[in-house]
Amino acid sequence: MSEAAIQIVRLAESLPDDFETLRREAGAESYRFIEGLREEWLAGRYDGADERFTTFAAFHQGALAGIGALTPDPYDPEPDLLRIRHVYVRPPHRRTGVGRVLAAALIQQGLALVPRLSLRAADPRAAAFWEANGFTPDEGGTRRSHLLTR
């Protein structure tokens with residue numbers, strides 16, 4: 001698939017129309033972190049007042065294909081550190097480049113704001129994905145598995 005068919009949109013007002021379908025699919029795979037993203041949106045954390053709270057939606061051929069967020073690290077609240085969180089790509093859109101393009105947008109946004117990004121990979125496949133995108137394994141922080149330093 002061509003990455004040209006992938007569009008990344010920074011969410012500002014609301015979650016995408018098809019978010020509930022994405023949320024159900026993530027839950028069916030036992031990925032509960034999408035519930036956390038929904039709760040944070042409902043709590044008003046992504047109201048646009050703080051650019052460190054950013055959510056990107058990935059659309060592939062016009063369909064919502066994935067989502068991911070950038071926030072201050074809730075476990076290591078250091079001023080020079082942000083955390084990539086709630087990243088999920090829907091099963092039909094995996095291996096199409098959606099994850100790679102979404103990760104690049106999150107990394108670019110994060111490193112424009114701070115010199116370090118953290119995350120916790122959900123499983124070995126996710127760990128391999130993030131390592132292929134420049135992160136290194138790191139257990140020096142609280143509840144993180146990987147770190148990327150500019």
# chains A, B, ... in the order shown; residues from 1 in each chain; ligands from 1
$ residues_around --residues "range 113-129 of chain A" --least-positions-apart "4" --cutoff "8 Å" --atoms "only C-alpha atoms" --output "ChimeraX atom specification"
/A:52,73,79-85,107,109,133,143-150
$ residues_around --residues "Arg38 in chain A" --least-positions-apart "5" --cutoff "10 Å" --atoms "only C-alpha atoms" --output "list in words"
Leu15, Phe19, Glu20, Arg23, Phe33, Ala43 and His86 of chain A
$ closest_residue --among "A:Leu22, A:Ala104, A:Ala57, A:Ala5" --to "Phe135 in chain A" --atoms "only C-alpha atoms"
A:Ala104
$ select_by_dssp --residues "range 34-91 of chain A" --states "alpha helix (DSSP H)" --output "PyMOL selection string"
chain A and resi 34-42
$ write_last_selection --atoms "C-alpha atoms" --output "JSON list (two decimals), in the first residue's frame"
[["chain", "number", "residue", "atom", "x", "y", "z"],
["A", 34, "ILE", "CA", -8.05, 2.99, 24.32],
["A", 35, "GLU", "CA", -10.51, 3.28, 27.23],
["A", 36, "GLY", "CA", -7.94, 5.50, 28.91],
["A", 37, "LEU", "CA", -7.79, 7.76, 25.87],
["A", 38, "ARG", "CA", -11.58, 8.04, 25.81],
["A", 39, "GLU", "CA", -11.67, 8.90, 29.53],
["A", 40, "GLU", "CA", -8.98, 11.55, 29.11],
["A", 41, "TRP", "CA", -10.93, 13.13, 26.23],
["A", 42, "LEU", "CA", -14.13, 13.15, 28.30]]
$ atom_distance --atom1 "CA of Asp47 in chain A" --atom2 "CA of Val87 in chain A"
19.0 Å
$ closest_residue --among "A:Ala103, A:Glu3, A:Ala49, A:Pro137" --to "Gly68 in chain A" --atoms "only C-alpha atoms"
A:Ala103
$ residues_around --residues "Ala65 in chain A" --least-positions-apart "6" --cutoff "6 Å" --atoms "only C-alpha atoms" --output "number ranges by chain"
A: 58-59, 89-90, 93
$ write_last_selection --atoms "N, CA, C and O atoms" --output "tab-separated table (two decimals), in the first residue's frame"
chain	number	residue	atom	x	y	z
A	58	ALA	N	-5.19	8.50	12.38
A	58	ALA	CA	-4.68	8.09	11.07
A	58	ALA	C	-5.85	7.57	10.25
A	58	ALA	O	-6.63	6.73	10.72
A	59	PHE	N	-5.98	8.09	9.04
A	59	PHE	CA	-7.01	7.63	8.12
A	59	PHE	C	-6.32	6.97	6.93
A	59	PHE	O	-5.36	7.50	6.39
A	89	VAL	N	-3.63	0.58	16.01
A	89	VAL	CA	-3.96	0.50	14.58
A	89	VAL	C	-4.94	-0.66	14.41
A	89	VAL	O	-4.70	-1.77	14.89
A	90	ARG	N	-6.05	-0.37	13.76
A	90	ARG	CA	-7.10	-1.37	13.55
A	90	ARG	C	-6.58	-2.52	12.69
A	90	ARG	O	-5.80	-2.30	11.76
A	93	HIS	N	-5.88	-2.52	8.90
A	93	HIS	CA	-4.95	-1.50	8.41
A	93	HIS	C	-3.51	-1.75	8.84
A	93	HIS	O	-2.63	-0.93	8.58
$ decode --residues "range 19-32 of chain A" --atoms "N, CA, C and O atoms" --output "mmCIF file, in the first residue's frame"
data_model
loop_
_atom_site.group_PDB
_atom_site.id
_atom_site.type_symbol
_atom_site.label_atom_id
_atom_site.label_comp_id
_atom_site.auth_asym_id
_atom_site.auth_seq_id
_atom_site.Cartn_x
_atom_site.Cartn_y
_atom_site.Cartn_z
ATOM 1 N N PHE A 19 -14.641 6.320 16.170
ATOM 2 C CA PHE A 19 -13.830 5.966 17.338
ATOM 3 C C PHE A 19 -14.425 4.794 18.117
ATOM 4 O O PHE A 19 -13.700 3.932 18.596
ATOM 5 N N GLU A 20 -15.750 4.739 18.243
ATOM 6 C CA GLU A 20 -16.373 3.661 19.020
ATOM 7 C C GLU A 20 -16.088 2.295 18.399
ATOM 8 O O GLU A 20 -15.884 1.316 19.112
ATOM 9 N N THR A 21 -16.056 2.218 17.078
ATOM 10 C CA THR A 21 -15.711 0.958 16.416
ATOM 11 C C THR A 21 -14.262 0.591 16.724
ATOM 12 O O THR A 21 -13.962 -0.558 17.063
ATOM 13 N N LEU A 22 -13.374 1.566 16.625
ATOM 14 C CA LEU A 22 -11.966 1.337 16.957
ATOM 15 C C LEU A 22 -11.846 0.885 18.412
ATOM 16 O O LEU A 22 -11.122 -0.061 18.723
ATOM 17 N N ARG A 23 -12.568 1.533 19.317
ATOM 18 C CA ARG A 23 -12.519 1.192 20.746
ATOM 19 C C ARG A 23 -12.978 -0.245 20.983
ATOM 20 O O ARG A 23 -12.361 -1.000 21.732
ATOM 21 N N ARG A 24 -14.056 -0.650 20.318
ATOM 22 C CA ARG A 24 -14.549 -2.025 20.458
ATOM 23 C C ARG A 24 -13.529 -3.033 19.922
ATOM 24 O O ARG A 24 -13.314 -4.081 20.525
ATOM 25 N N GLU A 25 -12.921 -2.726 18.784
ATOM 26 C CA GLU A 25 -11.922 -3.629 18.212
ATOM 27 C C GLU A 25 -10.726 -3.770 19.148
ATOM 28 O O GLU A 25 -10.225 -4.876 19.354
ATOM 29 N N ALA A 26 -10.271 -2.672 19.724
ATOM 30 C CA ALA A 26 -9.144 -2.718 20.658
ATOM 31 C C ALA A 26 -9.512 -3.550 21.883
ATOM 32 O O ALA A 26 -8.718 -4.382 22.348
ATOM 33 N N GLY A 27 -10.728 -3.357 22.397
ATOM 34 C CA GLY A 27 -11.180 -4.134 23.547
ATOM 35 C C GLY A 27 -11.259 -5.618 23.247
ATOM 36 O O GLY A 27 -10.910 -6.452 24.088
ATOM 37 N N ALA A 28 -11.690 -5.963 22.044
ATOM 38 C CA ALA A 28 -11.773 -7.366 21.649
ATOM 39 C C ALA A 28 -10.393 -8.016 21.605
ATOM 40 O O ALA A 28 -10.275 -9.231 21.761
ATOM 41 N N GLU A 29 -9.353 -7.199 21.416
ATOM 42 C CA GLU A 29 -7.978 -7.712 21.427
ATOM 43 C C GLU A 29 -7.334 -7.558 22.808
ATOM 44 O O GLU A 29 -6.133 -7.744 22.950
ATOM 45 N N SER A 30 -8.133 -7.186 23.787
ATOM 46 C CA SER A 30 -7.682 -6.977 25.175
ATOM 47 C C SER A 30 -6.744 -5.785 25.326
ATOM 48 O O SER A 30 -5.958 -5.729 26.257
ATOM 49 N N TYR A 31 -6.836 -4.818 24.426
ATOM 50 C CA TYR A 31 -6.082 -3.569 24.565
ATOM 51 C C TYR A 31 -6.999 -2.555 25.247
ATOM 52 O O TYR A 31 -7.868 -1.952 24.628
ATOM 53 N N ARG A 32 -6.825 -2.384 26.538
ATOM 54 C CA ARG A 32 -7.692 -1.523 27.341
ATOM 55 C C ARG A 32 -7.260 -0.064 27.338
ATOM 56 O O ARG A 32 -7.982 0.800 27.817
#
